[in-house]
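Structure data follow from structure-v1.tsv (TSV, C-alpha atoms):
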chain	number	residue	atom	x	y	z
A	1	MET	CA	0.00	0.00	0.00
A	2	PRO	CA	1.54	3.37	-0.96
A	3	ARG	CA	2.53	5.74	1.81
A	4	VAL	CA	0.40	8.78	2.45
A	5	ALA	CA	2.32	11.99	1.79
A	6	ARG	CA	2.99	14.16	4.81
A	7	VAL	CA	0.81	17.24	5.10
A	8	LYS	CA	3.00	20.33	5.01
A	9	SER	CA	2.96	22.52	8.09
A	10	THR	CA	1.87	26.07	7.30
A	11	SER	CA	4.14	27.32	10.12
A	12	GLY	CA	7.06	25.15	8.95
A	13	MET	CA	7.27	23.64	12.46
A	14	TYR	CA	7.21	19.91	13.19
A	15	HIS	CA	7.32	17.67	16.23
A	16	ILE	CA	9.36	14.66	15.10
A	17	MET	CA	10.07	11.30	16.67
A	18	LEU	CA	12.82	8.96	15.44
A	19	ARG	CA	12.65	5.44	16.84
A	20	GLY	CA	15.07	2.55	16.73
A	21	ALA	CA	14.08	-0.30	14.40
A	22	ASN	CA	12.15	-2.89	16.42
A	23	LYS	CA	12.45	-0.42	19.33
A	24	GLN	CA	16.14	-1.22	19.71
A	25	GLU	CA	18.48	1.09	21.60
A	26	ILE	CA	20.12	3.76	19.47
A	27	PHE	CA	22.20	5.46	22.18
A	28	HIS	CA	24.48	3.22	24.21
A	29	ASP	CA	26.80	5.79	25.77
A	30	ASP	CA	27.50	9.53	26.04
A	31	GLU	CA	29.56	9.52	22.85
A	32	ASP	CA	26.51	8.36	20.87
A	33	CYS	CA	24.37	11.17	22.28
A	34	VAL	CA	27.02	13.79	21.59
A	35	LYS	CA	27.44	12.50	18.04
A	36	PHE	CA	23.72	12.74	17.35
A	37	LEU	CA	23.56	16.33	18.62
A	38	ASP	CA	26.65	17.23	16.60
A	39	THR	CA	24.98	15.74	13.51
A	40	LEU	CA	21.80	17.69	14.20
A	41	GLU	CA	23.82	20.90	14.55
A	42	LYS	CA	25.70	20.21	11.32
A	43	TYR	CA	22.49	19.97	9.30
A	44	LYS	CA	20.91	22.85	11.18
A	45	LYS	CA	23.69	25.08	9.88
A	46	MET	CA	23.61	23.54	6.41
A	47	THR	CA	19.85	23.93	5.92
A	48	LYS	CA	19.23	26.96	8.18
A	49	MET	CA	16.51	25.19	10.14
A	50	ASN	CA	15.60	26.12	13.72
A	51	VAL	CA	15.83	23.73	16.67
A	52	TYR	CA	13.44	24.55	19.52
A	53	ALA	CA	13.67	21.40	21.66
A	54	TRP	CA	15.06	17.88	21.78
A	55	CYS	CA	15.20	14.85	24.04
A	56	LEU	CA	17.34	11.76	23.45
A	57	MET	CA	16.01	8.62	25.12
A	58	ASP	CA	17.54	5.14	24.89
A	59	ASN	CA	15.58	3.98	21.85
A	60	HIS	CA	13.98	7.12	20.45
A	61	VAL	CA	14.43	10.85	19.90
A	62	HIS	CA	11.98	13.73	20.12
A	63	LEU	CA	12.72	16.91	18.15
A	64	LEU	CA	10.89	20.20	17.65
A	65	LEU	CA	12.15	21.79	14.44
A	66	LYS	CA	11.30	24.53	12.00
A	67	GLU	CA	12.02	23.59	8.42
A	68	GLY	CA	14.97	25.33	6.80
A	69	GLU	CA	15.85	25.76	3.12
A	70	GLU	CA	14.90	22.19	2.18
A	71	ASP	CA	11.99	19.86	2.89
A	72	ILE	CA	12.11	18.53	6.46
A	73	SER	CA	11.95	14.93	5.17
A	74	ILE	CA	15.17	15.44	3.22
A	75	THR	CA	16.89	16.99	6.23
A	76	MET	CA	15.82	14.14	8.50
A	77	LYS	CA	17.08	11.60	5.96
A	78	ARG	CA	20.48	13.34	5.92
A	79	ILE	CA	20.64	13.28	9.72
A	80	GLY	CA	19.61	9.62	9.88
A	81	VAL	CA	22.06	8.42	7.23
A	82	SER	CA	24.94	10.33	8.81
A	83	PHE	CA	24.31	8.97	12.31
A	84	VAL	CA	23.80	5.39	11.06
A	85	MET	CA	27.17	5.49	9.28
A	86	TYR	CA	28.82	6.52	12.56
A	87	TYR	CA	26.89	3.86	14.52
A	88	ASN	CA	27.62	0.98	12.15
A	89	PHE	CA	31.32	1.85	12.05
A	90	LYS	CA	31.57	2.11	15.85
A	91	TYR	CA	29.64	-1.05	16.67
A	92	LEU	CA	30.69	-3.10	13.62
A	93	THR	CA	27.08	-3.59	12.55
A	94	THR	CA	25.14	-3.32	9.30
A	95	GLY	CA	21.55	-2.71	8.31
A	96	HIS	CA	18.82	-0.40	9.57
A	97	LEU	CA	19.08	1.43	12.87
A	98	PHE	CA	15.97	3.61	12.67
A	99	GLN	CA	12.45	2.69	11.68
A	100	ASP	CA	12.00	3.35	7.97
A	101	ARG	CA	9.86	6.44	8.40
A	102	PHE	CA	10.01	8.98	11.20
A	103	LYS	CA	6.80	10.08	12.88
A	104	SER	CA	5.83	13.74	12.75
A	105	GLU	CA	3.02	16.12	13.55
A	106	ASN	CA	2.51	19.70	12.43
A	107	VAL	CA	2.77	22.45	15.03
A	108	GLU	CA	0.53	25.26	13.85
A	109	THR	CA	-0.29	27.36	16.93
A	110	THR	CA	1.67	29.10	19.67
A	111	ARG	CA	-0.24	27.23	22.34
A	112	TYR	CA	0.63	23.84	20.87
A	113	LEU	CA	4.23	24.92	20.24
A	114	LEU	CA	4.69	25.54	23.97
A	115	THR	CA	2.86	22.31	24.83
A	116	VAL	CA	5.22	20.29	22.64
A	117	VAL	CA	8.30	21.88	24.24
A	118	ARG	CA	7.00	20.89	27.68
A	119	TYR	CA	6.01	17.42	26.50
A	120	ILE	CA	9.48	16.80	25.09
A	121	HIS	CA	11.23	18.01	28.25
A	122	GLN	CA	8.99	15.94	30.52
A	123	ASN	CA	9.54	12.70	28.57
A	124	PRO	CA	12.22	11.39	30.98
A	125	VAL	CA	10.11	12.41	34.00
A	126	LYS	CA	7.01	10.60	32.78
A	127	ALA	CA	9.14	7.58	31.88
A	128	GLY	CA	10.43	7.45	35.47
A	129	MET	CA	14.04	8.14	34.47
A	130	VAL	CA	14.40	11.31	36.57
A	131	SER	CA	12.28	13.25	39.04
A	132	ARG	CA	12.73	16.67	37.38
A	133	ALA	CA	13.07	17.61	33.72
A	134	ASP	CA	16.35	19.47	34.21
A	135	GLU	CA	17.99	16.35	35.68
A	136	TRP	CA	18.00	14.72	32.25
A	137	ARG	CA	21.26	15.62	30.56
A	138	TRP	CA	20.23	14.75	27.02
A	139	SER	CA	17.42	17.22	26.47
A	140	SER	CA	17.28	20.94	25.73
A	141	CYS	CA	15.82	21.68	29.18
A	142	GLN	CA	19.15	22.53	30.81
A	143	GLY	CA	19.85	24.92	27.94
A	144	TYR	CA	16.60	26.79	28.59
A	145	TYR	CA	17.42	26.98	32.30
A	146	ARG	CA	20.98	28.17	31.59
A	147	GLN	CA	22.34	25.22	33.58
A	148	SER	CA	24.53	23.95	30.75
A	149	ASN	CA	26.33	25.34	27.71
A	150	GLN	CA	26.13	21.95	25.99
A	151	ALA	CA	24.88	22.33	22.43
A	152	MET	CA	24.00	25.99	22.97
A	153	ASN	CA	24.77	26.64	19.31
A	154	LEU	CA	22.04	24.12	18.54
A	155	LEU	CA	19.23	25.60	20.63
A	156	ASP	CA	17.07	28.47	19.36
A	157	ASP	CA	15.60	29.19	22.79
A	158	HIS	CA	14.92	32.90	22.20
A	159	VAL	CA	11.94	32.09	19.98
A	160	ILE	CA	10.21	30.23	22.82
A	161	LEU	CA	11.31	32.51	25.65
A	162	GLU	CA	9.97	35.61	23.92
A	163	TYR	CA	6.46	34.24	24.42
A	164	PHE	CA	6.94	34.49	28.20
A	165	ALA	CA	8.49	37.96	28.61
A	166	PRO	CA	10.68	40.47	26.71
A	167	ASP	CA	13.23	40.44	29.57
A	168	ARG	CA	15.31	37.25	29.29
A	169	ARG	CA	15.69	36.62	33.04
A	170	VAL	CA	11.97	37.03	33.62
A	171	ALA	CA	11.22	34.83	30.61
A	172	ILE	CA	13.44	32.00	31.88
A	173	HIS	CA	11.76	32.16	35.30
A	174	ARG	CA	8.26	32.02	33.78
A	175	PHE	CA	9.25	29.35	31.28
A	176	LYS	CA	10.59	27.18	34.10
A	177	GLN	CA	7.28	27.45	35.97
A	178	TYR	CA	5.38	26.47	32.82
A	179	ASN	CA	7.81	23.71	31.87
A	180	GLU	CA	7.46	21.99	35.26
A	181	LEU	CA	3.68	22.13	35.58
A	182	VAL	CA	2.13	18.74	36.25
A	183	ASN	CA	0.07	17.96	33.17
A	184	ASP	CA	-1.54	15.34	30.98
A	185	ASP	CA	-0.15	16.64	27.69
A	186	LYS	CA	-0.77	14.25	24.82
A	187	CYS	CA	1.42	14.73	21.78
A	188	LEU	CA	2.98	12.55	19.11
A	189	GLY	CA	3.74	9.01	20.23
A	190	ASN	CA	2.26	6.79	22.90
A	191	ARG	CA	2.92	7.19	26.58
A	192	ASP	CA	3.19	3.40	26.79
A	193	ASP	CA	6.26	3.53	24.51
A	194	GLU	CA	8.08	5.67	27.08
A	195	ARG	CA	7.56	3.38	30.02
A	196	ARG	CA	9.54	3.31	33.22
A	197	ARG	CA	12.96	1.65	32.99
A	198	LEU	CA	13.04	-1.69	34.83
A	199	SER	CA	15.57	-2.24	37.58
A	200	ASP	CA	17.98	-5.17	37.15
A	201	GLU	CA	16.05	-7.02	39.86
A	202	GLU	CA	12.84	-6.63	37.83
A	203	ALA	CA	14.51	-7.49	34.52
A	204	ARG	CA	16.39	-10.60	35.72
A	205	PRO	CA	13.36	-12.94	36.08
A	206	ILE	CA	12.03	-11.80	32.68
A	207	ILE	CA	15.36	-12.74	31.08
A	208	LYS	CA	15.52	-16.03	33.00
A	209	GLU	CA	12.07	-17.02	31.73
A	210	MET	CA	13.33	-16.63	28.15
A	211	LEU	CA	16.31	-18.94	28.77
A	212	ASP	CA	14.26	-22.17	28.91
A	213	GLY	CA	16.15	-23.73	31.80
A	214	ILE	CA	19.60	-22.30	31.03
A	215	GLU	CA	21.06	-20.47	34.01
A	216	ILE	CA	21.93	-16.80	33.55
A	217	ALA	CA	25.54	-17.47	34.55
A	218	GLN	CA	25.87	-20.15	31.83
A	219	VAL	CA	24.92	-17.93	28.87
A	220	LYS	CA	28.38	-16.41	28.35
A	221	SER	CA	29.94	-19.91	28.14
A	222	LEU	CA	27.48	-21.39	25.64
A	223	PRO	CA	28.71	-22.50	22.19
A	224	LYS	CA	28.61	-19.55	19.82
A	225	LEU	CA	25.65	-20.71	17.72
A	226	GLN	CA	23.52	-21.53	20.76
A	227	ARG	CA	24.49	-18.29	22.49
A	228	THR	CA	23.54	-16.29	19.40
A	229	LYS	CA	20.07	-17.85	19.33
A	230	VAL	CA	19.62	-17.12	23.03
A	231	LEU	CA	20.70	-13.48	22.66
A	232	GLN	CA	18.37	-13.00	19.68
A	233	LYS	CA	15.47	-13.99	21.94
A	234	ILE	CA	16.67	-11.70	24.72
A	235	LYS	CA	16.90	-8.73	22.34
A	236	ARG	CA	13.21	-9.11	21.54
A	237	ILE	CA	12.23	-8.33	25.15
A	238	GLU	CA	10.93	-4.79	24.71
A	239	VAL	CA	11.09	-3.74	28.38
A	240	VAL	CA	14.76	-4.76	28.82
A	241	SER	CA	17.46	-2.66	27.17
A	242	GLN	CA	20.38	-4.32	25.41
A	243	ARG	CA	22.87	-2.69	27.77
A	244	GLN	CA	20.91	-3.95	30.78
A	245	ALA	CA	20.70	-7.47	29.33
A	246	ALA	CA	24.47	-7.50	28.73
A	247	ARG	CA	25.09	-6.39	32.30
A	248	ILE	CA	22.82	-9.08	33.76
A	249	LEU	CA	24.25	-11.82	31.52
A	250	GLY	CA	27.87	-10.81	32.17
A	251	ILE	CA	28.72	-10.33	28.50
A	252	SER	CA	30.10	-7.37	26.60
A	253	THR	CA	27.64	-4.83	25.26
A	254	ASN	CA	29.29	-5.05	21.82
A	255	LEU	CA	28.51	-8.76	21.69
A	256	ILE	CA	24.79	-8.26	22.12
A	257	TYR	CA	24.69	-5.18	19.85
A	258	LYS	CA	26.17	-7.20	16.97
A	259	ILE	CA	23.69	-10.08	17.20
Serialized structure, structure tokens:
Amino acid sequence: MPRVARVKSTSGMYHIMLRGANKQEIFHDDEDCVKFLDTLEKYKKMTKMNVYAWCLMDNHVHLLLKEGEEDISITMKRIGVSFVMYYNFKYLTTGHLFQDRFKSENVETTRYLLTVVRYIHQNPVKAGMVSRADEWRWSSCQGYYRQSNQAMNLLDDHVILEYFAPDRRVAIHRFKQYNELVNDDKCLGNRDDERRRLSDEEARPIIKEMLDGIEIAQVKSLPKLQRTKVLQKIKRIEVVSQRQAARILGISTNLIYKI
């Protein structure tokens, strides 16, 4: 069935979500996160688009962008291809990293623009990763609060802050109050996809159930072919990250990434 063409935003603004293929992790360490933000900044400069908010989670990314001098779909393809080349080289893998088509929604009003910013920043809070939005290092929240200079060349915060007050200090204070309001914002994506991270104690019995009688401690010593089949099953457990599975099984993260 042919794909339905995206409806162009009259404002040029889009809320975008990139997800790992089969919900796999796409960021395994700080270097991966930094590389993605560097890639985003590269194509921001190249296409003259605006970046109003971002949040990098383990297996997906939320972005709030204003289209630059080329169609947003082309820009997102450039970003995806560039990051996948880095990822495959680093982890010695091949094939798809992201789902074939990114999700997007048009942002046409000021009210919804501000809602999306808050929704993106509160992703880690609602997923149970942190208690406050500014505790999550890999979002634009700390940039808005002036708590970090990381990726400041990437963030076009003045556009959002001007809606709160002409004076920057007052605007930041009012934005912070708005950004931290308890809410039931519903934007692109499903809340269920951003579920709380399981502790190792919670994940261990789920992994053990998939092993069909093999002890967790025995997995790393299995013959290669048998171990590969076991790890393929483990990777399909949506609520357990690959890094967490590697830690519990006592194997290297690279080993499970390459399966």
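Rounded to one decimal, CA of Lys44 in chain A and CA of Ser82 in chain A lie 13.4 Å from each other.
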Exercise. Which residue, A:Trp136, A:Phe102, A:Tyr119, A:Tyr163, has the smallest gap to Asp185 in chain A when you use only C-alpha atoms?
Worked result: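 For Asp185 in chain A, the nearest of the candidates is A:Tyr119.
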Exercise. Separation of CA of Val61 in chain A and CA of Asn153 in chain A, in Å?
Worked result: 18.9 Å
Problem set entry | Nearby residues, (24.7, 13.0, 17.5) file frame, 12 Å, only C-alpha atoms, as a ChimeraX atom specification | /A:26-43,54-56,61,79-87,138,151,154
Store the residues picked out above in a file with C-alpha atoms, as a PDB file, in the frame of the given file.
ATOM      1  CA  ILE A  26      20.120   3.760  19.470  1.00  0.00           C
ATOM      2  CA  PHE A  27      22.200   5.460  22.180  1.00  0.00           C
ATOM      3  CA  HIS A  28      24.480   3.220  24.210  1.00  0.00           C
ATOM      4  CA  ASP A  29      26.800   5.790  25.770  1.00  0.00           C
ATOM      5  CA  ASP A  30      27.500   9.530  26.040  1.00  0.00           C
ATOM      6  CA  GLU A  31      29.560   9.520  22.850  1.00  0.00           C
ATOM      7  CA  ASP A  32      26.510   8.360  20.870  1.00  0.00           C
ATOM      8  CA  CYS A  33      24.370  11.170  22.280  1.00  0.00           C
ATOM      9  CA  VAL A  34      27.020  13.790  21.590  1.00  0.00           C
ATOM     10  CA  LYS A  35      27.440  12.500  18.040  1.00  0.00           C
ATOM     11  CA  PHE A  36      23.720  12.740  17.350  1.00  0.00           C
ATOM     12  CA  LEU A  37      23.560  16.330  18.620  1.00  0.00           C
ATOM     13  CA  ASP A  38      26.650  17.230  16.600  1.00  0.00           C
ATOM     14  CA  THR A  39      24.980  15.740  13.510  1.00  0.00           C
ATOM     15  CA  LEU A  40      21.800  17.690  14.200  1.00  0.00           C
ATOM     16  CA  GLU A  41      23.820  20.900  14.550  1.00  0.00           C
ATOM     17  CA  LYS A  42      25.700  20.210  11.320  1.00  0.00           C
ATOM     18  CA  TYR A  43      22.490  19.970   9.300  1.00  0.00           C
ATOM     19  CA  TRP A  54      15.060  17.880  21.780  1.00  0.00           C
ATOM     20  CA  CYS A  55      15.200  14.850  24.040  1.00  0.00           C
ATOM     21  CA  LEU A  56      17.340  11.760  23.450  1.00  0.00           C
ATOM     22  CA  VAL A  61      14.430  10.850  19.900  1.00  0.00           C
ATOM     23  CA  ILE A  79      20.640  13.280   9.720  1.00  0.00           C
ATOM     24  CA  GLY A  80      19.610   9.620   9.880  1.00  0.00           C
ATOM     25  CA  VAL A  81      22.060   8.420   7.230  1.00  0.00           C
ATOM     26  CA  SER A  82      24.940  10.330   8.810  1.00  0.00           C
ATOM     27  CA  PHE A  83      24.310   8.970  12.310  1.00  0.00           C
ATOM     28  CA  VAL A  84      23.800   5.390  11.060  1.00  0.00           C
ATOM     29  CA  MET A  85      27.170   5.490   9.280  1.00  0.00           C
ATOM     30  CA  TYR A  86      28.820   6.520  12.560  1.00  0.00           C
ATOM     31  CA  TYR A  87      26.890   3.860  14.520  1.00  0.00           C
ATOM     32  CA  TRP A 138      20.230  14.750  27.020  1.00  0.00           C
ATOM     33  CA  ALA A 151      24.880  22.330  22.430  1.00  0.00           C
ATOM     34  CA  LEU A 154      22.040  24.120  18.540  1.00  0.00           C
TER      35      LEU A 154
END
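One finds CA of Gly250 in chain A at 8.5 Å from CA of Ile216 in chain A.
Each of A:Cys187, A:Leu63, A:Leu198, A:Val116 was compared to Gly128 in chain A using only C-alpha atoms, and A:Leu198 turns out to be the nearest.
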Problem set entry | Among listed residues A:Glu202, A:Glu105, A:Asp100, A:Glu209, nearest Lys66 in chain A (using only C-alpha atoms) |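 The closest residue to Lys66 in chain A is A:Glu105.
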Problem set entry | For Gly68 in chain A, the nearest of the candidates A:Asn106, A:Gln147, A:Gln99, A:Asn50, counting all atoms listed in the file |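 Counting all atoms listed in the file, the residue closest to Gly68 in chain A is A:Asn50.
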Seminar exercise, completed: The residue from A:Arg168, A:Lys233, A:Lys258, A:Arg78 with the smallest atom-to-atom distance to Thr93 in chain A, counting only C-alpha atoms, is A:Lys258
Please identify all polymer residues within 8 Å of Ala133 in chain A, counting all atoms listed in the file, omitting same-chain residues fewer than 5 positions from it, and present them as a compact mmCIF listing (two decimals) with C-alpha atoms, in the frame of the given file.
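And here is the file that came out, selection-v2.txt:
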# COMPACT_ATOMS: atom_id res chain seq x y z
CA HIS A 121 11.23 18.01 28.25
CA GLN A 122 8.99 15.94 30.52
CA ASN A 123 9.54 12.70 28.57
CA PRO A 124 12.22 11.39 30.98
CA VAL A 125 10.11 12.41 34.00
CA CYS A 141 15.82 21.68 29.18
CA GLU A 180 7.46 21.99 35.26
Produce the centre coordinates and the three edge lengths, each in Å to one decimal, of the box along x, y and z that contains all listed atoms of range 94-105 of chain A with 3 Å added on each side, as lines of an AutoDock Vina configuration file.
center_x = 14.1
center_y = 6.4
center_z = 10.8
size_x = 28.1
size_y = 25.4
size_z = 11.6
For this session: Considering only C-alpha atoms, state which residue in the set A:Ile172, A:Ala246, A:Leu222, A:Val240 is at the smallest distance from Ala203 in chain A.
Result: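 Closest to Ala203 in chain A of all the choices is A:Val240.
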Exercise. Using all atoms listed in the file, can you list as a ChimeraX atom specification the residues within 12 Å of (1.8, 25.5, 21.8)?
Worked result: /A:13-15,52,64,106-119,160,163,178-179,185-187
If we count all atoms listed in the file and set the cut-off at 10 Å, which residues sit around His173 in chain A, ignoring sequence neighbours fewer than 6 positions away in its own chain? Please answer as a CSV table (one decimal) with C-alpha atoms, in the coordinates of the input.
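out_7.csv, freshly written:
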chain,number,residue,atom,x,y,z
A,144,TYR,CA,16.6,26.8,28.6
A,145,TYR,CA,17.4,27.0,32.3
A,161,LEU,CA,11.3,32.5,25.6
A,164,PHE,CA,6.9,34.5,28.2
A,165,ALA,CA,8.5,38.0,28.6
A,179,ASN,CA,7.8,23.7,31.9
